[in-house]
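Visitor: The file below is query01.csv, CSV, C-alpha atoms:
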chain,number,residue,atom,x,y,z
A,1,MET,CA,71.2,-12.3,16.3
A,2,GLU,CA,74.5,-13.9,17.3
A,3,ILE,CA,74.7,-16.7,19.9
A,4,VAL,CA,77.9,-17.5,21.8
A,5,VAL,CA,78.3,-20.2,24.4
A,6,LEU,CA,80.6,-19.7,27.4
A,7,ARG,CA,81.7,-22.9,29.1
A,8,LEU,CA,83.0,-22.3,32.6
A,9,HIS,CA,85.8,-24.1,34.5
A,10,HIS,CA,86.9,-26.8,32.1
A,11,ARG,CA,89.1,-29.5,33.6
A,12,ILE,CA,91.6,-31.3,31.4
A,13,THR,CA,91.4,-34.6,33.2
A,14,ARG,CA,87.6,-34.9,33.6
A,15,ASP,CA,85.9,-32.8,31.0
A,16,LYS,CA,87.5,-33.4,27.6
A,17,ARG,CA,84.5,-35.3,26.1
A,18,MET,CA,81.9,-33.2,27.9
A,19,SER,CA,83.4,-29.9,26.7
A,20,SER,CA,83.9,-31.3,23.2
A,21,HIS,CA,80.2,-32.3,23.1
A,22,LEU,CA,79.2,-28.9,24.3
A,23,ALA,CA,81.3,-27.3,21.5
A,24,LEU,CA,79.7,-29.6,18.9
A,25,VAL,CA,76.2,-28.9,20.3
A,26,ALA,CA,76.9,-25.2,20.2
A,27,ARG,CA,77.8,-25.4,16.6
A,28,ALA,CA,75.1,-27.8,15.5
A,29,PHE,CA,72.3,-25.8,17.2
A,30,GLY,CA,73.2,-22.4,15.8
A,31,ALA,CA,75.8,-20.7,18.0
A,32,SER,CA,78.8,-19.1,16.2
A,33,LYS,CA,81.4,-19.7,18.8
A,34,ILE,CA,82.2,-21.4,22.1
A,35,VAL,CA,84.5,-19.7,24.7
A,36,TYR,CA,85.8,-21.8,27.6
A,37,SER,CA,87.5,-21.0,30.8
A,38,GLY,CA,89.3,-23.1,33.3
A,39,GLU,CA,92.3,-25.2,32.1
A,40,TYR,CA,93.6,-24.6,28.6
A,41,ASP,CA,93.1,-27.7,26.5
A,42,ASN,CA,93.8,-27.6,22.8
A,43,ARG,CA,92.0,-31.0,22.2
A,44,ILE,CA,88.7,-29.1,22.2
A,45,GLU,CA,90.0,-26.8,19.3
A,46,GLN,CA,91.3,-29.9,17.5
A,47,THR,CA,88.0,-31.8,17.7
A,48,VAL,CA,86.0,-28.8,16.5
A,49,ALA,CA,88.5,-28.0,13.7
A,50,GLN,CA,88.2,-31.6,12.3
A,51,ILE,CA,84.4,-31.3,12.3
A,52,VAL,CA,84.4,-27.9,10.7
A,53,GLU,CA,86.8,-29.0,8.0
A,54,SER,CA,84.4,-31.8,6.9
A,55,TRP,CA,81.0,-30.4,7.8
A,56,GLY,CA,81.5,-26.7,7.1
A,57,GLY,CA,80.6,-23.4,8.7
A,58,ASN,CA,83.1,-21.2,10.5
A,59,PHE,CA,82.4,-22.0,14.1
A,60,ASN,CA,85.2,-21.0,16.5
A,61,VAL,CA,86.7,-22.1,19.8
A,62,GLU,CA,88.2,-19.5,22.1
A,63,TYR,CA,89.9,-19.7,25.5
A,64,THR,CA,89.5,-17.0,28.1
A,65,GLN,CA,91.3,-16.7,31.4
A,66,ASN,CA,88.8,-14.2,32.7
A,67,GLU,CA,85.3,-15.2,32.2
A,68,ARG,CA,83.8,-12.5,34.4
A,69,GLN,CA,85.5,-9.9,32.3
A,70,TYR,CA,84.1,-11.6,29.2
A,71,ILE,CA,80.6,-11.5,30.5
A,72,LYS,CA,80.8,-7.9,31.5
A,73,GLU,CA,82.2,-6.9,28.1
A,74,TRP,CA,79.3,-8.8,26.5
A,75,LYS,CA,76.8,-6.8,28.5
A,76,ARG,CA,78.6,-3.5,27.9
A,77,GLU,CA,78.3,-4.1,24.1
A,78,GLY,CA,74.5,-4.5,24.4
A,79,GLY,CA,74.2,-8.3,24.6
A,80,VAL,CA,72.0,-10.3,26.9
A,81,VAL,CA,73.4,-13.1,29.2
A,82,VAL,CA,71.6,-16.4,29.9
A,83,HIS,CA,73.0,-18.8,32.6
A,84,LEU,CA,71.8,-22.4,32.4
A,85,THR,CA,71.2,-23.7,35.9
A,86,MET,CA,68.7,-26.2,37.4
A,87,PHE,CA,68.0,-23.6,40.1
A,88,GLY,CA,66.7,-21.0,37.6
A,89,ILE,CA,63.3,-20.3,36.0
A,90,GLU,CA,61.9,-23.0,33.8
A,91,ILE,CA,62.7,-22.2,30.2
A,92,ASP,CA,59.1,-22.4,28.9
A,93,ASP,CA,58.2,-19.6,31.4
A,94,VAL,CA,60.9,-17.2,30.2
A,95,ILE,CA,61.6,-18.0,26.5
A,96,ASP,CA,59.1,-15.5,25.2
A,97,ASP,CA,60.7,-12.7,27.2
A,98,LEU,CA,64.2,-13.8,26.1
A,99,ARG,CA,63.2,-13.9,22.4
A,100,LYS,CA,61.6,-10.4,22.7
A,101,VAL,CA,64.9,-8.9,23.8
A,102,GLU,CA,66.3,-9.3,20.2
A,103,LYS,CA,69.9,-9.0,21.3
A,104,ASP,CA,73.0,-11.2,20.9
A,105,VAL,CA,72.9,-13.9,23.4
A,106,LEU,CA,75.7,-15.3,25.6
A,107,VAL,CA,74.7,-18.7,27.0
A,108,ILE,CA,76.7,-19.6,30.1
A,109,VAL,CA,77.1,-23.4,30.8
A,110,GLY,CA,78.4,-24.3,34.2
A,111,GLY,CA,81.3,-26.5,35.1
A,112,ALA,CA,82.2,-28.2,38.4
A,113,LYS,CA,81.0,-25.5,40.7
A,114,VAL,CA,79.5,-22.2,39.7
A,115,GLU,CA,80.1,-19.3,42.0
A,116,ILE,CA,77.0,-17.3,43.0
A,117,GLU,CA,78.5,-14.3,41.3
A,118,PHE,CA,77.5,-15.7,37.9
A,119,TYR,CA,73.9,-16.0,38.9
A,120,HIS,CA,74.0,-12.2,39.5
A,121,LEU,CA,75.9,-11.4,36.3
A,122,ALA,CA,73.3,-13.2,34.2
A,123,ASP,CA,70.2,-11.4,33.0
A,124,PHE,CA,68.3,-14.8,32.9
A,125,ASN,CA,69.0,-17.8,35.1
A,126,ILE,CA,67.2,-20.6,33.1
A,127,ALA,CA,66.5,-24.2,34.1
A,128,ILE,CA,65.8,-27.0,31.7
A,129,GLY,CA,63.6,-28.9,34.1
A,130,HIS,CA,64.6,-28.9,37.8
A,131,GLN,CA,66.1,-32.4,37.9
A,132,PRO,CA,69.9,-33.1,37.7
A,133,HIS,CA,70.8,-34.2,34.2
A,134,SER,CA,73.4,-32.9,31.8
A,135,GLU,CA,74.8,-29.6,30.7
A,136,VAL,CA,75.0,-31.0,27.2
A,137,ALA,CA,71.3,-31.7,27.2
A,138,ALA,CA,70.5,-28.3,28.8
A,139,LEU,CA,72.5,-26.5,26.1
A,140,ALA,CA,70.8,-28.3,23.3
A,141,ILE,CA,67.3,-27.6,24.5
A,142,CYS,CA,68.1,-24.0,25.3
A,143,LEU,CA,69.6,-23.3,21.8
A,144,ASP,CA,66.8,-25.1,20.2
A,145,LYS,CA,64.2,-22.9,21.9
A,146,ILE,CA,66.1,-19.7,21.3
A,147,THR,CA,66.4,-20.4,17.6
A,148,GLY,CA,63.0,-21.9,17.3
A,149,GLY,CA,64.5,-25.1,16.0
A,150,LYS,CA,66.1,-23.3,13.1
A,151,GLY,CA,69.7,-23.5,14.5
A,152,ARG,CA,70.0,-27.2,13.8
A,153,LYS,CA,68.6,-26.9,10.2
A,154,LYS,CA,71.3,-24.5,9.0
A,155,ARG,CA,73.2,-25.8,5.9
A,156,TYR,CA,76.8,-24.8,5.1
A,157,SER,CA,77.9,-23.9,1.6
A,158,ASN,CA,81.5,-24.8,2.4
A,159,ALA,CA,80.7,-28.3,3.7
A,160,ARG,CA,82.7,-31.1,2.3
A,161,VAL,CA,80.2,-33.8,3.3
A,162,GLU,CA,76.5,-33.7,3.9
A,163,ILE,CA,73.9,-36.2,4.9
A,164,GLU,CA,70.9,-37.1,2.8
A,165,PRO,CA,68.2,-38.0,5.3
A,166,CYS,CA,66.9,-41.5,4.9
A,167,LYS,CA,64.5,-43.9,6.5
A,168,LYS,CA,66.9,-46.9,6.7
A,169,GLY,CA,70.6,-46.8,6.5
A,170,LYS,CA,73.2,-44.1,5.8
A,171,LYS,CA,73.6,-41.7,2.9
A,172,VAL,CA,76.6,-39.3,2.9
A,173,ILE,CA,77.2,-37.0,0.0
A,174,ASP,CA,80.8,-36.1,-0.7
A,175,LYS,CA,80.4,-32.7,-2.2
A,176,ARG,CA,83.9,-32.3,-3.3
A,177,ARG,CA,83.8,-35.4,-5.4
A,178,LYS,CA,80.7,-34.1,-7.3
A,179,GLU,CA,82.4,-30.9,-8.4
B,180,MET,CA,52.8,-44.6,27.4
B,181,GLU,CA,56.0,-45.9,28.7
B,182,ILE,CA,59.4,-44.7,27.4
B,183,VAL,CA,62.6,-46.8,27.7
B,184,VAL,CA,66.0,-45.8,26.5
B,185,LEU,CA,68.4,-48.4,25.1
B,186,ARG,CA,72.1,-47.3,25.1
B,187,LEU,CA,74.2,-49.5,22.8
B,188,HIS,CA,77.9,-50.6,23.2
B,189,HIS,CA,78.9,-48.9,26.4
B,190,ARG,CA,82.7,-48.9,27.0
B,191,ILE,CA,84.0,-48.8,30.5
B,192,THR,CA,87.1,-46.8,29.8
B,193,ARG,CA,85.6,-44.1,27.6
B,194,ASP,CA,81.9,-43.8,28.1
B,195,LYS,CA,81.3,-43.6,31.9
B,196,ARG,CA,80.3,-40.0,32.1
B,197,MET,CA,78.5,-40.1,28.7
B,198,SER,CA,76.4,-43.1,29.7
B,199,SER,CA,75.7,-41.6,33.1
B,200,HIS,CA,74.5,-38.4,31.5
B,201,LEU,CA,72.3,-40.4,29.1
B,202,ALA,CA,70.8,-42.2,32.1
B,203,LEU,CA,70.1,-38.9,33.9
B,204,VAL,CA,68.7,-37.3,30.8
B,205,ALA,CA,66.5,-40.4,30.3
B,206,ARG,CA,65.2,-40.0,33.9
B,207,ALA,CA,64.8,-36.2,33.8
B,208,PHE,CA,63.0,-36.1,30.5
B,209,GLY,CA,60.3,-38.7,31.3
B,210,ALA,CA,61.7,-42.2,30.5
B,211,SER,CA,61.1,-44.9,33.1
B,212,LYS,CA,64.3,-46.9,32.5
B,213,ILE,CA,67.6,-47.1,30.7
B,214,VAL,CA,68.9,-50.4,29.4
B,215,TYR,CA,72.5,-50.5,28.3
B,216,SER,CA,74.6,-53.1,26.4
B,217,GLY,CA,78.3,-53.4,25.8
B,218,GLU,CA,80.6,-53.7,28.9
B,219,TYR,CA,78.9,-54.1,32.3
B,220,ASP,CA,79.7,-51.1,34.4
B,221,ASN,CA,78.1,-50.8,37.9
B,222,ARG,CA,79.1,-47.1,38.2
B,223,ILE,CA,76.1,-46.2,36.0
B,224,GLU,CA,73.8,-47.9,38.4
B,225,GLN,CA,75.5,-46.2,41.3
B,226,THR,CA,75.3,-42.7,39.8
B,227,VAL,CA,71.6,-43.2,39.1
B,228,ALA,CA,70.8,-44.7,42.5
B,229,GLN,CA,72.3,-41.7,44.3
B,230,ILE,CA,70.2,-39.3,42.2
B,231,VAL,CA,67.0,-41.3,42.7
B,232,GLU,CA,67.6,-41.5,46.4
B,233,SER,CA,67.6,-37.7,46.7
B,234,TRP,CA,65.5,-36.6,43.8
B,235,GLY,CA,62.8,-39.3,43.8
B,236,GLY,CA,61.0,-41.4,41.3
B,237,ASN,CA,61.7,-45.0,40.5
B,238,PHE,CA,63.9,-44.8,37.5
B,239,ASN,CA,65.8,-48.0,36.8
B,240,VAL,CA,69.1,-49.1,35.1
B,241,GLU,CA,69.3,-52.5,33.5
B,242,TYR,CA,72.1,-54.3,31.7
B,243,THR,CA,71.5,-56.5,28.7
B,244,GLN,CA,74.0,-58.7,26.8
B,245,ASN,CA,71.7,-59.1,23.9
B,246,GLU,CA,70.3,-55.9,22.6
B,247,ARG,CA,68.9,-57.3,19.4
B,248,GLN,CA,66.8,-59.8,21.5
B,249,TYR,CA,65.7,-56.9,23.7
B,250,ILE,CA,64.5,-54.9,20.7
B,251,LYS,CA,62.7,-57.8,19.1
B,252,GLU,CA,61.0,-58.6,22.3
B,253,TRP,CA,59.9,-54.9,22.6
B,254,LYS,CA,58.3,-55.1,19.2
B,255,ARG,CA,56.7,-58.4,19.8
B,256,GLU,CA,55.0,-56.9,22.8
B,257,GLY,CA,53.5,-54.1,20.7
B,258,GLY,CA,56.0,-51.3,21.3
B,259,VAL,CA,57.5,-49.0,18.7
B,260,VAL,CA,61.3,-48.6,18.2
B,261,VAL,CA,63.0,-45.3,17.6
B,262,HIS,CA,66.7,-45.1,16.7
B,263,LEU,CA,68.5,-41.8,17.0
B,264,THR,CA,71.0,-41.3,14.2
B,265,MET,CA,72.2,-38.2,12.3
B,266,PHE,CA,71.5,-40.2,9.1
B,267,GLY,CA,67.8,-40.5,9.8
B,268,ILE,CA,64.7,-38.4,9.1
B,269,GLU,CA,64.6,-35.0,10.8
B,270,ILE,CA,62.5,-35.3,14.0
B,271,ASP,CA,60.2,-32.3,13.1
B,272,ASP,CA,59.2,-34.2,10.0
B,273,VAL,CA,58.3,-37.4,11.8
B,274,ILE,CA,57.2,-36.5,15.3
B,275,ASP,CA,53.5,-36.2,14.5
B,276,ASP,CA,53.5,-39.7,13.0
B,277,LEU,CA,55.4,-41.1,16.0
B,278,ARG,CA,53.0,-39.5,18.5
B,279,LYS,CA,50.0,-40.8,16.6
B,280,VAL,CA,51.2,-44.4,17.1
B,281,GLU,CA,50.3,-44.2,20.8
B,282,LYS,CA,52.5,-47.1,21.8
B,283,ASP,CA,55.3,-47.6,24.3
B,284,VAL,CA,58.5,-46.2,22.9
B,285,LEU,CA,62.0,-47.7,23.0
B,286,VAL,CA,64.6,-45.0,22.1
B,287,ILE,CA,67.9,-46.5,20.9
B,288,VAL,CA,71.0,-44.3,21.4
B,289,GLY,CA,74.1,-45.4,19.5
B,290,GLY,CA,77.5,-46.1,20.9
B,291,ALA,CA,80.9,-46.3,19.2
B,292,LYS,CA,79.7,-47.8,15.9
B,293,VAL,CA,76.1,-48.9,15.2
B,294,GLU,CA,75.7,-51.9,12.9
B,295,ILE,CA,73.3,-51.4,10.0
B,296,GLU,CA,71.1,-54.1,11.4
B,297,PHE,CA,69.8,-51.6,14.0
B,298,TYR,CA,68.7,-49.2,11.3
B,299,HIS,CA,66.5,-52.0,10.0
B,300,LEU,CA,65.2,-53.2,13.4
B,301,ALA,CA,64.0,-49.6,14.1
B,302,ASP,CA,60.5,-48.4,13.1
B,303,PHE,CA,61.8,-44.8,13.0
B,304,ASN,CA,65.4,-43.7,12.3
B,305,ILE,CA,65.3,-40.1,13.6
B,306,ALA,CA,67.9,-37.3,13.3
B,307,ILE,CA,68.1,-34.3,15.5
B,308,GLY,CA,69.7,-32.2,12.8
B,309,HIS,CA,72.2,-33.7,10.4
B,310,GLN,CA,75.3,-32.4,11.9
B,311,PRO,CA,77.6,-34.3,14.3
B,312,HIS,CA,77.0,-33.4,17.9
B,313,SER,CA,76.1,-35.5,20.9
B,314,GLU,CA,74.0,-38.5,21.8
B,315,VAL,CA,73.1,-36.8,25.1
B,316,ALA,CA,71.7,-33.7,23.2
B,317,ALA,CA,69.9,-35.9,20.7
B,318,LEU,CA,68.2,-37.9,23.5
B,319,ALA,CA,67.1,-34.8,25.3
B,320,ILE,CA,65.5,-33.2,22.3
B,321,CYS,CA,63.9,-36.5,21.2
B,322,LEU,CA,62.3,-37.2,24.7
B,323,ASP,CA,61.3,-33.5,25.0
B,324,LYS,CA,59.5,-33.8,21.6
B,325,ILE,CA,57.9,-37.2,22.4
B,326,THR,CA,56.5,-36.0,25.7
B,327,GLY,CA,55.7,-32.5,24.5
B,328,GLY,CA,57.9,-31.0,27.2
B,329,LYS,CA,55.9,-32.7,29.9
B,330,GLY,CA,58.6,-35.3,30.7
B,331,ARG,CA,60.9,-32.7,32.4
B,332,LYS,CA,58.1,-31.2,34.4
B,333,LYS,CA,57.2,-34.3,36.3
B,334,ARG,CA,57.4,-34.0,40.1
B,335,TYR,CA,58.2,-36.9,42.4
B,336,SER,CA,56.2,-37.5,45.6
B,337,ASN,CA,59.1,-39.5,47.1
B,338,ALA,CA,61.7,-36.8,46.5
B,339,ARG,CA,63.9,-35.9,49.4
B,340,VAL,CA,65.0,-32.6,47.9
B,341,GLU,CA,63.3,-30.3,45.4
B,342,ILE,CA,64.2,-27.0,43.8
B,343,GLU,CA,62.2,-23.9,44.2
B,344,PRO,CA,62.9,-22.0,40.9
B,345,CYS,CA,64.4,-18.6,41.4
B,346,LYS,CA,65.6,-15.7,39.4
B,347,LYS,CA,69.0,-15.3,41.1
B,348,GLY,CA,70.7,-17.8,43.3
B,349,LYS,CA,69.7,-21.3,44.6
B,350,LYS,CA,66.8,-22.5,46.6
B,351,VAL,CA,66.7,-26.2,47.6
B,352,ILE,CA,63.9,-27.5,49.7
B,353,ASP,CA,64.7,-30.4,52.0
B,354,LYS,CA,61.4,-32.1,52.2
B,355,ARG,CA,62.3,-34.6,54.9
B,356,ARG,CA,63.2,-31.8,57.3
B,357,LYS,CA,59.8,-30.2,56.8
B,358,GLU,CA,57.9,-33.3,57.8
In structure tokens, what does this structure look like?
Guide:
Amino acid sequence: MEIVVLRLHHRITRDKRMSSHLALVARAFGASKIVYSGEYDNRIEQTVAQIVESWGGNFNVEYTQNERQYIKEWKREGGVVVHLTMFGIEIDDVIDDLRKVEKDVLVIVGGAKVEIEFYHLADFNIAIGHQPHSEVAALAICLDKITGGKGRKKRYSNARVEIEPCKKGKKVIDKRRKE
Amino acid sequence: MEIVVLRLHHRITRDKRMSSHLALVARAFGASKIVYSGEYDNRIEQTVAQIVESWGGNFNVEYTQNERQYIKEWKREGGVVVHLTMFGIEIDDVIDDLRKVEKDVLVIVGGAKVEIEFYHLADFNIAIGHQPHSEVAALAICLDKITGGKGRKKRYSNARVEIEPCKKGKKVIDKRRKE
């Protein structure tokens, strides 16, 4: 099962860090790619490229000018579409149904204002609680539930650095030095 | 059990949105308060106050100049201290131990650079995966695990607005109008 994240309506002036965090969360929780719409901003690609170079994997960033088209294409190819929104159905009430589908999943994360059209394009409108908080938090919880926590435990054979978990302090293994 | 979040080393120029998101995640996932250190920034209080006014609860924002003192005081009063860091022990390997403690929990979320001292002050250094991602995501997953998902299902009797979950579209209930 492939997971792709679609981030709507990126704004260069306001959203740089937020969109970069969304990209890193997508990667760290098991998605293979983030696609974003709105304003083109190569700083997102740059941030992600730096991380991938050190930490491995082959996570990609893509830009689309036509997110509706992208969603329709995804569905046409047999994928399922999840839209994260505080107005949707609580994730714990829908996650079993979603996991049963066993299709590639496109997870839409809103931007400034999400047009009602996207609520209708989505197969599942899912809320991570019904309080205002953060699209970054919502994405993390959603991907963690979809992958059953496995997404964030993936290890990358092409990683240059890796962490050795420890109780106090920091241990980083430079894998290239070892070879 | 009370949960308080401590956000270290806030920087006015870079961290406004990030710290606001941390505050909202803290509130939405069951913490009673966020304390932050670094640069004083009343925009965090303002953002949270606006949310609380509409959405209810009595979540607080506090500023501290001396976060080490705050942590030591917390421990002296019998609370346990969790520090979120990608260098720590994977949360799934430690959550049972943490929940068994049955004490008030202070969750420390790092800022720009976290001094090694904090790793030693903490009772638990916990990682949400060992890949770089986002402190907002880490906090959400951590609070969700500590509260067993209950934190984000809390409802507030003093809320002015509330969401009625729905499959397509948006339903907001204005509770003051009803009365």
Visitor: Please determine, counting only C-alpha atoms, which residue among A:Gly56, A:Gly30, A:Pro165, A:Gly79 has the shortest atom-to-atom distance to chain B.
Guide: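 Of A:Gly56, A:Gly30, A:Pro165, A:Gly79, the one nearest chain B, counting only C-alpha atoms, is A:Pro165.
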Visitor: What residues in chain B have any atom no more than 6 Å from chain A when counting all atoms listed in the file, and can you write them as a list in words?
Guide: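 The selection requested is His200, Leu203, Val204, Ala207, Phe266, Gly267, Ile268, Tyr298, Asn304, Gly308, Gln310, His312, Ser313, Val315, Ala316, Ala319, Arg331, Lys332, Pro344, Cys345, Lys346, Lys347, Gly348 and Lys349 of chain B.
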Visitor: Hey, could you lay chain B over chain A with a least-squares C-alpha fit (all atoms, paired in order) and save it as a compact mmCIF listing (two decimals) with C-alpha atoms, in the coordinates of the input?
Guide:
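Output contents, as saved in part-v1.txt:
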# COMPACT_ATOMS: atom_id res chain seq x y z
CA MET B 180 71.29 -12.28 16.32
CA GLU B 181 74.49 -13.86 17.29
CA ILE B 182 74.70 -16.69 19.86
CA VAL B 183 77.90 -17.48 21.83
CA VAL B 184 78.30 -20.19 24.37
CA LEU B 185 80.53 -19.68 27.41
CA ARG B 186 81.66 -22.96 29.12
CA LEU B 187 82.99 -22.30 32.63
CA HIS B 188 85.82 -24.15 34.54
CA HIS B 189 86.87 -26.77 32.07
CA ARG B 190 89.11 -29.50 33.61
CA ILE B 191 91.57 -31.29 31.43
CA THR B 192 91.40 -34.62 33.17
CA ARG B 193 87.64 -34.94 33.51
CA ASP B 194 85.83 -32.76 31.06
CA LYS B 195 87.42 -33.40 27.61
CA ARG B 196 84.58 -35.27 26.05
CA MET B 197 81.92 -33.16 27.88
CA SER B 198 83.43 -29.89 26.67
CA SER B 199 83.87 -31.28 23.17
CA HIS B 200 80.24 -32.30 23.06
CA LEU B 201 79.21 -28.84 24.32
CA ALA B 202 81.27 -27.29 21.52
CA LEU B 203 79.63 -29.54 18.89
CA VAL B 204 76.19 -28.96 20.28
CA ALA B 205 76.91 -25.19 20.26
CA ARG B 206 77.90 -25.45 16.55
CA ALA B 207 75.07 -27.79 15.50
CA PHE B 208 72.33 -25.85 17.20
CA GLY B 209 73.16 -22.40 15.74
CA ALA B 210 75.81 -20.73 17.97
CA SER B 211 78.73 -19.08 16.19
CA LYS B 212 81.38 -19.72 18.86
CA ILE B 213 82.23 -21.39 22.13
CA VAL B 214 84.43 -19.67 24.67
CA TYR B 215 85.74 -21.78 27.50
CA SER B 216 87.55 -20.94 30.79
CA GLY B 217 89.30 -23.10 33.32
CA GLU B 218 92.32 -25.20 32.10
CA TYR B 219 93.54 -24.58 28.53
CA ASP B 220 93.03 -27.71 26.53
CA ASN B 221 93.88 -27.67 22.77
CA ARG B 222 92.04 -30.99 22.17
CA ILE B 223 88.74 -29.05 22.14
CA GLU B 224 90.01 -26.89 19.37
CA GLN B 225 91.26 -29.92 17.52
CA THR B 226 87.98 -31.85 17.79
CA VAL B 227 86.08 -28.82 16.51
CA ALA B 228 88.50 -28.06 13.68
CA GLN B 229 88.18 -31.59 12.30
CA ILE B 230 84.38 -31.32 12.31
CA VAL B 231 84.38 -27.88 10.68
CA GLU B 232 86.79 -29.04 8.04
CA SER B 233 84.37 -31.75 6.89
CA TRP B 234 81.02 -30.39 7.86
CA GLY B 235 81.49 -26.68 7.07
CA GLY B 236 80.67 -23.40 8.64
CA ASN B 237 83.04 -21.19 10.53
CA PHE B 238 82.42 -22.10 14.09
CA ASN B 239 85.18 -21.00 16.44
CA VAL B 240 86.69 -22.07 19.84
CA GLU B 241 88.25 -19.46 22.06
CA TYR B 242 89.92 -19.68 25.44
CA THR B 243 89.52 -17.03 28.09
CA GLN B 244 91.26 -16.74 31.49
CA ASN B 245 88.82 -14.21 32.72
CA GLU B 246 85.25 -15.17 32.26
CA ARG B 247 83.79 -12.48 34.44
CA GLN B 248 85.54 -9.82 32.22
CA TYR B 249 84.19 -11.61 29.15
CA ILE B 250 80.63 -11.47 30.47
CA LYS B 251 80.84 -7.85 31.50
CA GLU B 252 82.22 -6.91 28.19
CA TRP B 253 79.32 -8.80 26.48
CA LYS B 254 76.83 -6.76 28.43
CA ARG B 255 78.58 -3.53 27.88
CA GLU B 256 78.30 -4.13 24.18
CA GLY B 257 74.53 -4.55 24.42
CA GLY B 258 74.21 -8.34 24.59
CA VAL B 259 72.02 -10.33 26.94
CA VAL B 260 73.40 -13.07 29.28
CA VAL B 261 71.70 -16.37 29.88
CA HIS B 262 72.96 -18.80 32.53
CA LEU B 263 71.79 -22.38 32.45
CA THR B 264 71.22 -23.76 35.94
CA MET B 265 68.71 -26.27 37.37
CA PHE B 266 68.01 -23.64 40.08
CA GLY B 267 66.72 -21.08 37.61
CA ILE B 268 63.35 -20.27 36.02
CA GLU B 269 61.90 -22.97 33.77
CA ILE B 270 62.75 -22.10 30.13
CA ASP B 271 59.07 -22.41 28.91
CA ASP B 272 58.20 -19.66 31.35
CA VAL B 273 60.88 -17.27 30.18
CA ILE B 274 61.57 -17.98 26.54
CA ASP B 275 59.07 -15.49 25.15
CA ASP B 276 60.65 -12.70 27.21
CA LEU B 277 64.16 -13.74 26.12
CA ARG B 278 63.19 -13.82 22.43
CA LYS B 279 61.55 -10.42 22.68
CA VAL B 280 64.86 -8.86 23.78
CA GLU B 281 66.24 -9.28 20.25
CA LYS B 282 69.86 -9.00 21.31
CA ASP B 283 72.94 -11.15 20.89
CA VAL B 284 72.86 -13.96 23.40
CA LEU B 285 75.70 -15.32 25.54
CA VAL B 286 74.71 -18.74 27.01
CA ILE B 287 76.75 -19.65 30.10
CA VAL B 288 77.09 -23.40 30.81
CA GLY B 289 78.39 -24.29 34.27
CA GLY B 290 81.33 -26.45 35.11
CA ALA B 291 82.28 -28.21 38.35
CA LYS B 292 80.94 -25.56 40.75
CA VAL B 293 79.49 -22.19 39.67
CA GLU B 294 80.10 -19.28 42.04
CA ILE B 295 77.00 -17.30 43.00
CA GLU B 296 78.47 -14.27 41.34
CA PHE B 297 77.50 -15.75 37.93
CA TYR B 298 73.88 -16.02 38.96
CA HIS B 299 73.97 -12.27 39.52
CA LEU B 300 75.94 -11.37 36.36
CA ALA B 301 73.26 -13.22 34.28
CA ASP B 302 70.15 -11.44 32.94
CA PHE B 303 68.31 -14.79 32.85
CA ASN B 304 69.01 -17.83 35.07
CA ILE B 305 67.21 -20.58 33.10
CA ALA B 306 66.46 -24.21 34.05
CA ILE B 307 65.70 -26.96 31.66
CA GLY B 308 63.64 -28.85 34.19
CA HIS B 309 64.64 -28.93 37.83
CA GLN B 310 66.13 -32.30 37.95
CA PRO B 311 69.86 -33.12 37.69
CA HIS B 312 70.86 -34.20 34.23
CA SER B 313 73.43 -32.85 31.82
CA GLU B 314 74.89 -29.56 30.69
CA VAL B 315 75.03 -30.92 27.13
CA ALA B 316 71.21 -31.67 27.18
CA ALA B 317 70.46 -28.32 28.78
CA LEU B 318 72.45 -26.45 26.08
CA ALA B 319 70.75 -28.28 23.29
CA ILE B 320 67.26 -27.59 24.49
CA CYS B 321 68.10 -23.95 25.32
CA LEU B 322 69.63 -23.22 21.80
CA ASP B 323 66.78 -25.18 20.13
CA LYS B 324 64.26 -22.93 22.00
CA ILE B 325 66.19 -19.68 21.32
CA THR B 326 66.42 -20.35 17.61
CA GLY B 327 63.00 -21.95 17.31
CA GLY B 328 64.53 -25.13 15.93
CA LYS B 329 66.12 -23.24 13.09
CA GLY B 330 69.67 -23.46 14.50
CA ARG B 331 69.97 -27.24 13.72
CA LYS B 332 68.61 -26.86 10.25
CA LYS B 333 71.27 -24.55 8.97
CA ARG B 334 73.19 -25.81 5.92
CA TYR B 335 76.79 -24.89 5.18
CA SER B 336 77.89 -23.88 1.66
CA ASN B 337 81.51 -24.83 2.47
CA ALA B 338 80.67 -28.32 3.69
CA ARG B 339 82.72 -31.13 2.29
CA VAL B 340 80.24 -33.81 3.30
CA GLU B 341 76.48 -33.65 3.87
CA ILE B 342 73.85 -36.17 4.86
CA GLU B 343 70.94 -37.06 2.72
CA PRO B 344 68.25 -38.06 5.32
CA CYS B 345 66.97 -41.56 4.89
CA LYS B 346 64.54 -43.90 6.46
CA LYS B 347 66.89 -46.90 6.79
CA GLY B 348 70.62 -46.85 6.51
CA LYS B 349 73.18 -44.05 5.77
CA LYS B 350 73.60 -41.73 2.89
CA VAL B 351 76.59 -39.33 2.91
CA ILE B 352 77.18 -37.04 0.03
CA ASP B 353 80.77 -36.12 -0.71
CA LYS B 354 80.37 -32.75 -2.23
CA ARG B 355 83.96 -32.27 -3.34
CA ARG B 356 83.79 -35.40 -5.48
CA LYS B 357 80.72 -34.08 -7.27
CA GLU B 358 82.40 -30.88 -8.35
Visitor: Between atom CA of Ile108 of chain A and atom CA of Leu84 of chain A, what is the distance, to one decimal in Å?
Guide: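 Interatomic distance, atom CA of Ile108 of chain A to atom CA of Leu84 of chain A: 6.1 Å.
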Visitor: Considering only C-alpha atoms, can you say which of A:Gly38, A:Gly78, A:Gly148, A:Gly110 comes closest to Ile95 of chain A?
Guide: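 Ranked by minimum distance to Ile95 of chain A, first place goes to A:Gly148.
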